[in-house]
file my_file19.txt (compact mmCIF, C-alpha atoms (C1' of nucleotides))
# COMPACT_ATOMS: atom_id res chain seq x y z
CA MET A 10 -89.12 16.65 -74.81
CA LYS A 11 -87.53 13.71 -73.08
CA ARG A 12 -84.15 12.26 -73.89
CA GLY A 13 -84.43 9.70 -76.67
CA GLU A 14 -87.95 10.67 -77.61
CA ALA A 15 -87.06 12.29 -80.91
CA GLU A 16 -85.16 9.15 -81.91
CA ARG A 17 -88.09 6.98 -80.92
CA ILE A 18 -90.54 9.04 -82.95
CA LEU A 19 -88.34 8.90 -86.03
CA ARG A 20 -87.86 5.16 -85.77
CA GLU A 21 -91.59 4.67 -85.31
CA GLN A 22 -92.08 6.40 -88.63
CA ARG A 23 -89.37 4.32 -90.29
CA ALA A 24 -87.27 7.38 -90.90
CA ARG A 25 -83.53 7.19 -90.53
CA VAL A 26 -82.27 8.65 -87.36
CA THR A 27 -79.62 11.26 -87.98
CA PRO A 28 -78.27 13.88 -85.60
CA GLN A 29 -79.64 16.60 -87.85
CA ARG A 30 -83.14 15.18 -87.79
CA VAL A 31 -83.09 14.81 -84.06
CA ALA A 32 -81.96 18.39 -83.67
CA ILE A 33 -84.61 19.69 -86.05
CA LEU A 34 -87.42 17.84 -84.33
CA ARG A 35 -86.24 19.05 -80.96
CA ALA A 36 -86.05 22.61 -82.22
CA VAL A 37 -89.65 22.54 -83.39
CA GLU A 38 -90.87 20.91 -80.20
CA SER A 39 -89.05 23.30 -77.96
CA SER A 40 -89.95 26.39 -79.92
CA GLY A 41 -93.23 26.60 -78.08
CA SER A 42 -94.61 28.45 -81.04
CA HIS A 43 -94.99 28.18 -84.80
CA PRO A 44 -91.53 28.61 -86.25
CA ASP A 45 -90.75 28.97 -89.92
CA ALA A 46 -87.94 27.03 -91.57
CA ASP A 47 -85.43 29.79 -91.08
CA ALA A 48 -86.11 30.01 -87.36
CA VAL A 49 -85.54 26.27 -87.09
CA TYR A 50 -82.36 26.64 -89.13
CA ARG A 51 -81.03 29.34 -86.84
CA GLN A 52 -81.80 27.31 -83.75
CA VAL A 53 -80.31 24.09 -85.07
CA SER A 54 -77.24 25.92 -86.38
CA ARG A 55 -76.09 26.52 -82.84
CA GLY A 56 -75.35 22.85 -82.32
CA HIS A 57 -74.69 22.02 -85.97
CA PRO A 58 -72.84 24.95 -87.46
CA HIS A 59 -72.56 23.24 -90.86
CA ILE A 60 -76.13 22.16 -91.35
CA SER A 61 -77.51 23.23 -94.69
CA ARG A 62 -80.77 24.98 -95.28
CA ASP A 63 -81.75 22.28 -97.70
CA THR A 64 -81.60 19.71 -94.93
CA VAL A 65 -83.84 21.81 -92.76
CA TYR A 66 -86.43 22.40 -95.47
CA ARG A 67 -86.35 18.78 -96.61
CA THR A 68 -86.59 17.43 -93.10
CA LEU A 69 -89.42 19.69 -92.01
CA SER A 70 -91.52 18.74 -94.95
CA MET A 71 -90.75 15.06 -94.49
CA MET A 72 -91.83 15.31 -90.86
CA GLU A 73 -94.99 17.09 -91.79
CA GLU A 74 -95.86 14.41 -94.34
CA LYS A 75 -95.35 11.72 -91.77
CA GLY A 76 -97.46 13.59 -89.24
CA ILE A 77 -94.58 14.02 -86.82
CA ILE A 78 -95.18 17.74 -86.80
CA GLY A 79 -98.03 19.92 -88.00
CA SER A 80 -98.24 23.13 -89.90
CA VAL A 81 -100.44 26.11 -90.34
CA LEU A 82 -102.34 25.90 -93.55
CA SER A 83 -100.78 27.57 -96.50
CA VAL A 84 -101.10 27.05 -100.21
CA GLY A 85 -97.86 26.56 -102.06
CA ASN A 86 -95.36 29.34 -101.65
CA SER A 87 -97.27 32.35 -102.77
CA LYS A 88 -100.17 34.32 -101.45
CA ARG A 89 -103.45 33.57 -103.19
CA TYR A 90 -106.17 36.14 -103.79
CA ASP A 91 -109.86 35.61 -104.15
CA PRO A 92 -112.42 37.60 -106.11
CA VAL A 93 -115.16 36.45 -103.75
CA THR A 94 -115.56 38.60 -100.69
CA THR A 95 -118.72 37.10 -99.27
CA LYS A 96 -118.41 34.54 -96.53
CA HIS A 97 -117.23 31.19 -97.76
CA HIS A 98 -114.70 28.50 -97.05
CA HIS A 99 -111.89 26.76 -98.86
CA LEU A 100 -110.95 23.31 -100.00
CA VAL A 101 -107.27 23.13 -100.80
CA CYS A 102 -105.64 20.34 -102.76
CA ILE A 103 -102.28 19.65 -101.19
CA ARG A 104 -100.94 18.17 -104.42
CA CYS A 105 -101.83 20.64 -107.15
CA LYS A 106 -102.59 23.62 -104.87
CA LYS A 107 -105.96 24.14 -106.48
CA ILE A 108 -108.44 25.97 -104.27
CA LEU A 109 -112.18 25.42 -104.41
CA ASP A 110 -114.72 27.59 -102.67
CA PHE A 111 -117.64 26.16 -100.81
CA SER A 112 -120.43 27.44 -98.65
CA ALA A 113 -121.97 25.78 -95.65
CA LYS A 114 -124.33 27.63 -93.37
CA GLU A 115 -123.23 25.55 -90.47
CA PHE A 116 -119.69 26.85 -90.88
CA ASP A 117 -120.72 30.46 -91.17
CA ARG A 118 -122.07 30.62 -87.66
CA LEU A 119 -118.92 29.56 -85.88
CA GLU A 120 -118.01 31.77 -82.98
CA PRO A 121 -114.53 31.57 -81.51
CA PRO A 122 -114.51 30.97 -77.75
CA ALA A 123 -115.44 34.04 -75.72
CA LYS A 124 -112.11 33.96 -73.91
CA MET A 125 -110.33 34.58 -77.21
CA VAL A 126 -112.66 37.22 -78.48
CA SER A 127 -112.11 39.37 -75.45
CA ARG A 128 -108.37 39.56 -76.08
CA PHE A 129 -108.34 39.33 -79.80
CA GLN A 130 -110.17 41.54 -82.23
CA VAL A 131 -111.66 38.97 -84.57
CA LEU A 132 -111.93 40.00 -88.20
CA ARG A 133 -112.64 36.80 -90.04
CA THR A 134 -113.28 33.16 -89.29
CA THR A 135 -112.88 30.64 -92.07
CA VAL A 136 -112.72 26.91 -92.40
CA GLN A 137 -109.95 25.37 -94.49
CA VAL A 138 -110.27 21.82 -95.64
CA GLU A 139 -107.12 20.17 -96.90
CA GLY A 140 -107.17 17.10 -99.05
CA VAL A 141 -106.56 15.64 -102.44
CA CYS A 142 -108.78 16.61 -105.35
CA GLU A 143 -110.33 14.24 -107.80
CA ASP A 144 -107.88 14.99 -110.60
CA CYS A 145 -104.90 14.34 -108.39
CA ARG A 146 -106.39 11.18 -107.00
CA ASN A 147 -106.80 9.86 -110.50
CA ARG A 148 -103.18 10.45 -111.29
CA LYS A 149 -100.95 7.82 -109.77
CA LYS A 150 -99.90 8.73 -106.30
CA THR A 151 -96.33 9.63 -105.45
CA MET B 18 -117.68 42.41 -114.45
CA LYS B 19 -119.62 45.26 -115.95
CA ARG B 20 -118.12 48.27 -117.64
CA GLY B 21 -117.26 50.94 -115.13
CA GLU B 22 -117.74 48.69 -112.15
CA ALA B 23 -114.10 48.47 -111.20
CA GLU B 24 -113.89 52.25 -111.24
CA ARG B 25 -116.99 52.53 -109.09
CA ILE B 26 -115.65 50.09 -106.53
CA LEU B 27 -112.36 51.93 -106.27
CA ARG B 28 -114.06 55.29 -105.84
CA GLU B 29 -116.35 53.85 -103.21
CA GLN B 30 -113.28 52.89 -101.24
CA ARG B 31 -111.73 56.32 -101.70
CA ALA B 32 -108.89 54.85 -103.71
CA ARG B 33 -107.54 56.70 -106.68
CA VAL B 34 -108.65 55.31 -109.96
CA THR B 35 -105.76 54.45 -112.24
CA PRO B 36 -105.74 52.29 -115.34
CA GLN B 37 -103.41 49.84 -113.62
CA ARG B 38 -105.74 49.41 -110.67
CA VAL B 39 -108.71 48.90 -112.90
CA ALA B 40 -106.85 46.27 -114.88
CA ILE B 41 -105.67 44.47 -111.76
CA LEU B 42 -109.12 44.34 -110.24
CA ARG B 43 -110.58 43.08 -113.47
CA ALA B 44 -107.90 40.43 -113.72
CA VAL B 45 -108.73 39.08 -110.29
CA GLU B 46 -112.46 39.15 -110.91
CA SER B 47 -112.21 37.44 -114.23
CA SER B 48 -109.71 34.84 -113.13
CA GLY B 49 -112.53 32.70 -111.83
CA SER B 50 -110.08 31.16 -109.43
CA HIS B 51 -107.55 32.10 -106.80
CA PRO B 52 -104.63 33.65 -108.62
CA ASP B 53 -101.33 34.56 -107.05
CA ALA B 54 -99.68 37.91 -107.67
CA ASP B 55 -97.61 36.62 -110.54
CA ALA B 56 -100.65 35.25 -112.36
CA VAL B 57 -102.29 38.64 -112.03
CA TYR B 58 -99.10 40.29 -113.25
CA ARG B 59 -98.97 38.06 -116.32
CA GLN B 60 -102.61 38.72 -117.14
CA VAL B 61 -102.39 42.49 -116.66
CA SER B 62 -99.12 42.64 -118.61
CA ARG B 63 -101.01 41.86 -121.79
CA GLY B 64 -102.72 45.21 -121.77
CA HIS B 65 -100.04 47.07 -119.82
CA PRO B 66 -96.70 45.76 -121.03
CA HIS B 67 -94.78 48.14 -118.76
CA ILE B 68 -96.57 47.51 -115.50
CA SER B 69 -94.19 46.74 -112.69
CA ARG B 70 -94.47 43.86 -110.31
CA ASP B 71 -94.35 46.28 -107.43
CA THR B 72 -97.54 47.91 -108.62
CA VAL B 73 -99.28 44.57 -108.77
CA TYR B 74 -98.16 43.50 -105.32
CA ARG B 75 -98.91 46.87 -103.78
CA THR B 76 -102.30 47.11 -105.40
CA LEU B 77 -103.41 43.61 -104.50
CA SER B 78 -102.57 44.12 -100.89
CA MET B 79 -104.27 47.52 -100.84
CA MET B 80 -107.40 45.95 -102.30
CA GLU B 81 -107.33 43.17 -99.80
CA GLU B 82 -107.04 45.64 -96.93
CA LYS B 83 -110.01 47.57 -98.20
CA GLY B 84 -112.04 44.42 -98.63
CA ILE B 85 -112.32 44.84 -102.39
CA ILE B 86 -110.92 41.38 -102.87
CA GLY B 87 -110.35 38.47 -100.51
CA SER B 88 -107.52 36.06 -99.99
CA VAL B 89 -106.86 32.61 -98.78
CA LEU B 90 -105.44 32.67 -95.33
CA SER B 91 -101.70 32.69 -95.09
CA VAL B 92 -99.32 33.86 -92.44
CA GLY B 93 -96.65 36.23 -93.65
CA ASN B 94 -94.53 34.92 -96.45
CA SER B 95 -93.16 31.73 -95.04
CA LYS B 96 -94.56 28.37 -94.15
CA ARG B 97 -95.11 27.91 -90.44
CA TYR B 98 -94.72 24.62 -88.61
CA ASP B 99 -96.41 23.47 -85.47
CA PRO B 100 -95.20 21.05 -82.80
CA VAL B 101 -98.78 20.22 -81.89
CA THR B 102 -100.28 17.44 -83.99
CA THR B 103 -103.53 16.93 -82.11
CA LYS B 104 -106.63 18.60 -83.43
CA HIS B 105 -106.72 22.30 -82.77
CA HIS B 106 -107.33 25.60 -84.48
CA HIS B 107 -105.46 28.83 -85.07
CA LEU B 108 -105.78 32.47 -84.27
CA VAL B 109 -103.56 34.54 -86.51
CA CYS B 110 -102.63 38.14 -85.87
CA ILE B 111 -102.59 39.90 -89.21
CA ARG B 112 -100.22 42.56 -87.89
CA CYS B 113 -97.41 40.69 -86.15
CA LYS B 114 -98.10 37.26 -87.70
CA LYS B 115 -98.21 35.64 -84.29
CA ILE B 116 -100.17 32.40 -84.18
CA LEU B 117 -102.07 31.17 -81.15
CA ASP B 118 -103.53 27.71 -80.81
CA PHE B 119 -106.95 27.12 -79.41
CA SER B 120 -109.28 24.23 -78.93
CA ALA B 121 -113.05 24.23 -79.21
CA LYS B 122 -114.99 21.00 -79.28
CA GLU B 123 -117.63 22.61 -81.39
CA PHE B 124 -115.05 23.22 -84.11
CA ASP B 125 -113.64 19.73 -84.02
CA ARG B 126 -116.84 18.14 -85.20
CA LEU B 127 -117.20 20.08 -88.41
CA GLU B 128 -117.92 17.92 -91.41
CA PRO B 129 -117.53 19.38 -94.87
CA PRO B 130 -120.64 18.99 -97.05
CA ALA B 131 -121.17 15.46 -98.33
CA LYS B 132 -121.04 16.65 -101.91
CA MET B 133 -117.44 17.74 -101.42
CA VAL B 134 -116.32 14.72 -99.51
CA SER B 135 -117.35 12.42 -102.29
CA ARG B 136 -115.05 14.15 -104.75
CA PHE B 137 -112.33 15.23 -102.46
CA GLN B 138 -110.32 13.08 -100.13
CA VAL B 139 -110.43 15.11 -96.95
CA LEU B 140 -107.35 14.98 -94.77
CA ARG B 141 -107.79 17.81 -92.33
CA THR B 142 -110.34 20.44 -91.44
CA THR B 143 -109.23 23.43 -89.43
CA VAL B 144 -110.64 26.76 -88.47
CA GLN B 145 -108.51 29.85 -88.90
CA VAL B 146 -109.44 33.02 -87.09
CA GLU B 147 -107.80 36.18 -88.30
CA GLY B 148 -107.64 39.30 -86.22
CA VAL B 149 -105.48 41.64 -84.25
CA CYS B 150 -103.84 40.49 -81.05
CA GLU B 151 -103.83 42.40 -77.81
CA ASP B 152 -100.25 43.56 -78.13
CA CYS B 153 -100.83 44.96 -81.57
CA ARG B 154 -104.05 46.63 -80.56
CA ASN B 155 -102.20 48.44 -77.81
CA ARG B 156 -99.65 49.79 -80.21
CA LYS B 157 -100.95 52.70 -82.19
CA LYS B 158 -102.64 51.58 -85.34
CA THR B 159 -101.19 52.25 -88.75
C1' DT C 2 -67.79 -6.82 -86.62
C1' DT C 3 -67.36 -5.18 -91.07
C1' DA C 4 -68.57 -3.74 -95.54
C1' DC C 5 -71.96 -2.19 -98.35
C1' DC C 6 -75.28 0.96 -100.41
C1' DA C 7 -79.63 3.37 -100.27
C1' DG C 8 -80.52 7.30 -98.63
C1' DA C 9 -78.99 11.68 -96.21
C1' DT C 10 -76.13 15.82 -95.97
C1' DT C 11 -73.38 19.76 -97.41
C1' DG C 12 -72.42 24.03 -99.65
C1' DG C 13 -73.22 26.75 -103.06
C1' DA C 14 -75.80 28.02 -107.04
C1' DT C 15 -80.30 28.98 -108.63
C1' DT C 16 -85.13 29.91 -108.76
C1' DT C 17 -89.14 31.97 -106.95
C1' DT C 18 -91.57 35.38 -104.43
C1' DT C 19 -91.76 39.72 -102.45
C1' DT C 20 -90.16 44.25 -101.20
C1' DC C 21 -87.46 48.44 -101.66
C1' DC C 22 -86.12 52.66 -103.87
C1' DT C 23 -85.91 56.83 -106.69
C1' DA C 24 -87.04 59.47 -110.59
C1' DT C 25 -91.01 60.43 -113.10
C1' DA C 26 -95.87 60.59 -114.02
C1' DT C 27 -100.72 60.93 -112.78
C1' DT C 28 -104.96 61.82 -110.19
C1' DC C 29 -108.15 64.83 -108.46
C1' DA C 30 -109.49 68.63 -105.33
C1' DA C 31 -109.55 73.42 -105.17
C1' DT D 21 -105.82 74.77 -114.67
C1' DT D 22 -102.69 73.81 -111.35
C1' DG D 23 -100.37 71.96 -107.29
C1' DA D 24 -99.72 68.61 -103.89
C1' DA D 25 -100.39 64.18 -102.74
C1' DT D 26 -100.14 59.88 -104.37
C1' DA D 27 -99.08 56.19 -107.81
C1' DT D 28 -96.01 53.97 -111.14
C1' DA D 29 -91.87 51.99 -113.65
C1' DG D 30 -87.81 49.71 -113.67
C1' DG D 31 -84.31 47.73 -111.66
C1' DA D 32 -81.89 46.32 -107.52
C1' DA D 33 -82.23 43.75 -103.40
C1' DA D 34 -84.04 40.84 -99.88
C1' DA D 35 -86.39 36.77 -98.43
C1' DA D 36 -87.92 32.09 -99.07
C1' DA D 37 -87.42 27.80 -101.13
C1' DT D 38 -85.31 24.44 -104.13
C1' DC D 39 -81.80 22.17 -106.94
C1' DC D 40 -77.68 19.59 -107.56
C1' DA D 41 -73.32 17.02 -107.53
C1' DA D 42 -69.97 15.38 -104.52
C1' DT D 43 -69.46 13.23 -100.24
C1' DC D 44 -70.80 10.91 -96.16
C1' DT D 45 -73.41 7.76 -92.93
C1' DG D 46 -77.02 4.74 -90.71
C1' DG D 47 -78.69 0.42 -90.61
C1' DT D 48 -78.53 -4.17 -92.10
C1' DA D 49 -76.90 -8.48 -93.87
C1' DA D 50 -73.12 -11.42 -94.01

call {"tool": "encode", "arguments": {"input": "my_file19.txt", "output": "structure tokens"}}
result
Amino acid sequence: MKRGEAERILREQRARVTPQRVAILRAVESSGSHPDADAVYRQVSRGHPHISRDTVYRTLSMMEEKGIIGSVLSVGNSKRYDPVTTKHHHLVCIRCKKILDFSAKEFDRLEPPAKMVSRFQVLRTTVQVEGVCEDCRNRKKT
Amino acid sequence: MKRGEAERILREQRARVTPQRVAILRAVESSGSHPDADAVYRQVSRGHPHISRDTVYRTLSMMEEKGIIGSVLSVGNSKRYDPVTTKHHHLVCIRCKKILDFSAKEFDRLEPPAKMVSRFQVLRTTVQVEGVCEDCRNRKKT
DNA sequence: TTACCAGATTGGATTTTTTCCTATATTCAA
DNA sequence: TTGAATATAGGAAAAAATCCAATCTGGTAA
């Protein structure tokens, strides 16, 4: 990540530029992987020994909302189980965390690229659709 | 869920049949949704006021491993961020929780069924492939 | 440039979610 | 029926995320 780029990205999104935010964004970008909040906290702590965890959590989720960074799909903070074991896919409401099942033959046939399959023992392939459900859309948006 | 079915399923999987397990499986099946462990605990507590959370957590994850119940994809216990914001998909190792990105044009074109889209404001559609990575396969399996 | 103030941060407490641990109890095969 | 392997309860602890009040700061308007 080039010098000044983090600042530019934040300004583009009309987010205040603070040293903490710059450091957090750089930490995610330079991780080269898929860090969790604590990994970002540990990395940023090196240069900002007094940064608080709250800042890291708040900032990461702000950046995700603004599309500055991405995330791997998860639903709220707890693991969710499913009585249905046949092949199906999930719609997840990002507001209320409701999960709806759906089936679509087209999605059931997906085959991960051969290159992956040779190195990775594939157990399950599912499609996750994130969005906002009808109920939440009818409530006034935050 | 029919009488005796939970017991049958457990026996089929060579899992000991205990009243707690039967109650937990029934709770998931009858939830009609995607409960988290605490919701299952609260439901099962009605009939088993002394059940411990540990039993619920342990049993749910045992049942998931045996394929008795499913789950919505998650990666370990913490939210994972991603520096990459362009469209891509994820391979997740269920052992070490490593996440690998991959791209596949075929996957990028997926459109959720029209019926869903009309009710649900779709923000993102991604494919998650779960499996075991090369490193973990080379280690002896548990 | 300065002063203001909306918004950001800190540090610590708190909540939520999950796991660990040990004594006791139970399942089921023989 | 009994013994060994396995499961459970209950409570402590760890891990993950959030809350909150006091303080500070970035950006802008004068």

call {"tool": "interface_residues", "arguments": {"input": "my_file19.txt", "of": "chain B", "to": "chain C", "cutoff": "8 Å", "atoms": "all atoms listed in the file", "output": "ChimeraX atom specification"}}
result
/B:33-35,71,74

call {"tool": "residues_near_point", "arguments": {"input": "my_file19.txt", "point": "(-93.3, 14.5, -86.0)", "cutoff": "9 Å", "atoms": "all atoms listed in the file", "output": "number ranges by chain"}}
result
A: 15, 18-19, 22, 34, 38, 69, 71-79; B: 100-102

call {"tool": "interface_residues", "arguments": {"input": "my_file19.txt", "of": "chain D", "to": "chain B", "cutoff": "7 Å", "atoms": "all atoms listed in the file", "output": "list in words"}}
result
DT28, DA29 and DA36 of chain D

call {"tool": "closest_residue", "arguments": {"input": "my_file19.txt", "among": "B:Val89, B:Val109, B:Val61, B:Val73", "to": "Glu147 of chain B", "atoms": "all atoms listed in the file"}}
result
B:Val109

call {"tool": "atom_distance", "arguments": {"input": "my_file19.txt", "atom1": "atom CA of Ser120 of chain B", "atom2": "atom CA of Glu120 of chain A"}}
result
12.2 Å

call {"tool": "atom_distance", "arguments": {"input": "my_file19.txt", "atom1": "atom CA of Ala44 of chain B", "atom2": "atom CA of Ile108 of chain A"}}
result
17.3 Å

call {"tool": "build_atoms", "arguments": {"input": "my_file19.txt", "residues": "segment 80-97 of chain B", "atoms": "N, CA and C atoms", "output": "JSON list (two decimals), in the frame of the given file"}}
result
[["chain", "number", "residue", "atom", "x", "y", "z"],
["B", 80, "MET", "N", -106.02, 46.38, -102.07],
["B", 80, "MET", "CA", -107.40, 45.95, -102.30],
["B", 80, "MET", "C", -107.86, 44.94, -101.26],
["B", 81, "GLU", "N", -106.94, 44.12, -100.83],
["B", 81, "GLU", "CA", -107.33, 43.17, -99.80],
["B", 81, "GLU", "C", -107.63, 43.91, -98.49],
["B", 82, "GLU", "N", -106.80, 44.87, -98.16],
["B", 82, "GLU", "CA", -107.04, 45.64, -96.93],
["B", 82, "GLU", "C", -108.38, 46.35, -96.95],
["B", 83, "LYS", "N", -108.75, 46.84, -98.10],
["B", 83, "LYS", "CA", -110.01, 47.57, -98.20],
["B", 83, "LYS", "C", -111.20, 46.64, -98.39],
["B", 84, "GLY", "N", -110.94, 45.37, -98.49],
["B", 84, "GLY", "CA", -112.04, 44.42, -98.63],
["B", 84, "GLY", "C", -112.59, 44.34, -100.04],
["B", 85, "ILE", "N", -111.86, 44.89, -101.00],
["B", 85, "ILE", "CA", -112.32, 44.84, -102.39],
["B", 85, "ILE", "C", -112.16, 43.43, -102.94],
["B", 86, "ILE", "N", -111.11, 42.79, -102.53],
["B", 86, "ILE", "CA", -110.92, 41.38, -102.87],
["B", 86, "ILE", "C", -110.60, 40.61, -101.59],
["B", 87, "GLY", "N", -110.68, 39.29, -101.67],
["B", 87, "GLY", "CA", -110.35, 38.47, -100.51],
["B", 87, "GLY", "C", -109.03, 37.76, -100.73],
["B", 88, "SER", "N", -108.71, 36.88, -99.81],
["B", 88, "SER", "CA", -107.52, 36.06, -99.99],
["B", 88, "SER", "C", -107.70, 34.78, -99.21],
["B", 89, "VAL", "N", -106.86, 33.84, -99.54],
["B", 89, "VAL", "CA", -106.86, 32.61, -98.78],
["B", 89, "VAL", "C", -105.88, 32.81, -97.65],
["B", 90, "LEU", "N", -106.27, 32.37, -96.48],
["B", 90, "LEU", "CA", -105.44, 32.67, -95.33],
["B", 90, "LEU", "C", -104.01, 32.19, -95.49],
["B", 91, "SER", "N", -103.09, 33.07, -95.16],
["B", 91, "SER", "CA", -101.70, 32.69, -95.09],
["B", 91, "SER", "C", -101.09, 33.54, -94.00],
["B", 92, "VAL", "N", -99.92, 33.15, -93.55],
["B", 92, "VAL", "CA", -99.32, 33.86, -92.44],
["B", 92, "VAL", "C", -97.97, 34.39, -92.90],
["B", 93, "GLY", "N", -97.91, 35.67, -93.18],
["B", 93, "GLY", "CA", -96.65, 36.23, -93.65],
["B", 93, "GLY", "C", -96.26, 35.54, -94.93],
["B", 94, "ASN", "N", -94.98, 35.48, -95.18],
["B", 94, "ASN", "CA", -94.53, 34.92, -96.45],
["B", 94, "ASN", "C", -93.89, 33.56, -96.33],
["B", 95, "SER", "N", -93.83, 33.02, -95.13],
["B", 95, "SER", "CA", -93.16, 31.73, -95.04],
["B", 95, "SER", "C", -94.03, 30.70, -94.36],
["B", 96, "LYS", "N", -93.79, 29.48, -94.71],
["B", 96, "LYS", "CA", -94.56, 28.37, -94.15],
["B", 96, "LYS", "C", -94.27, 28.23, -92.67],
["B", 97, "ARG", "N", -95.30, 27.99, -91.89],
["B", 97, "ARG", "CA", -95.11, 27.91, -90.44],
["B", 97, "ARG", "C", -95.45, 26.52, -89.95]]
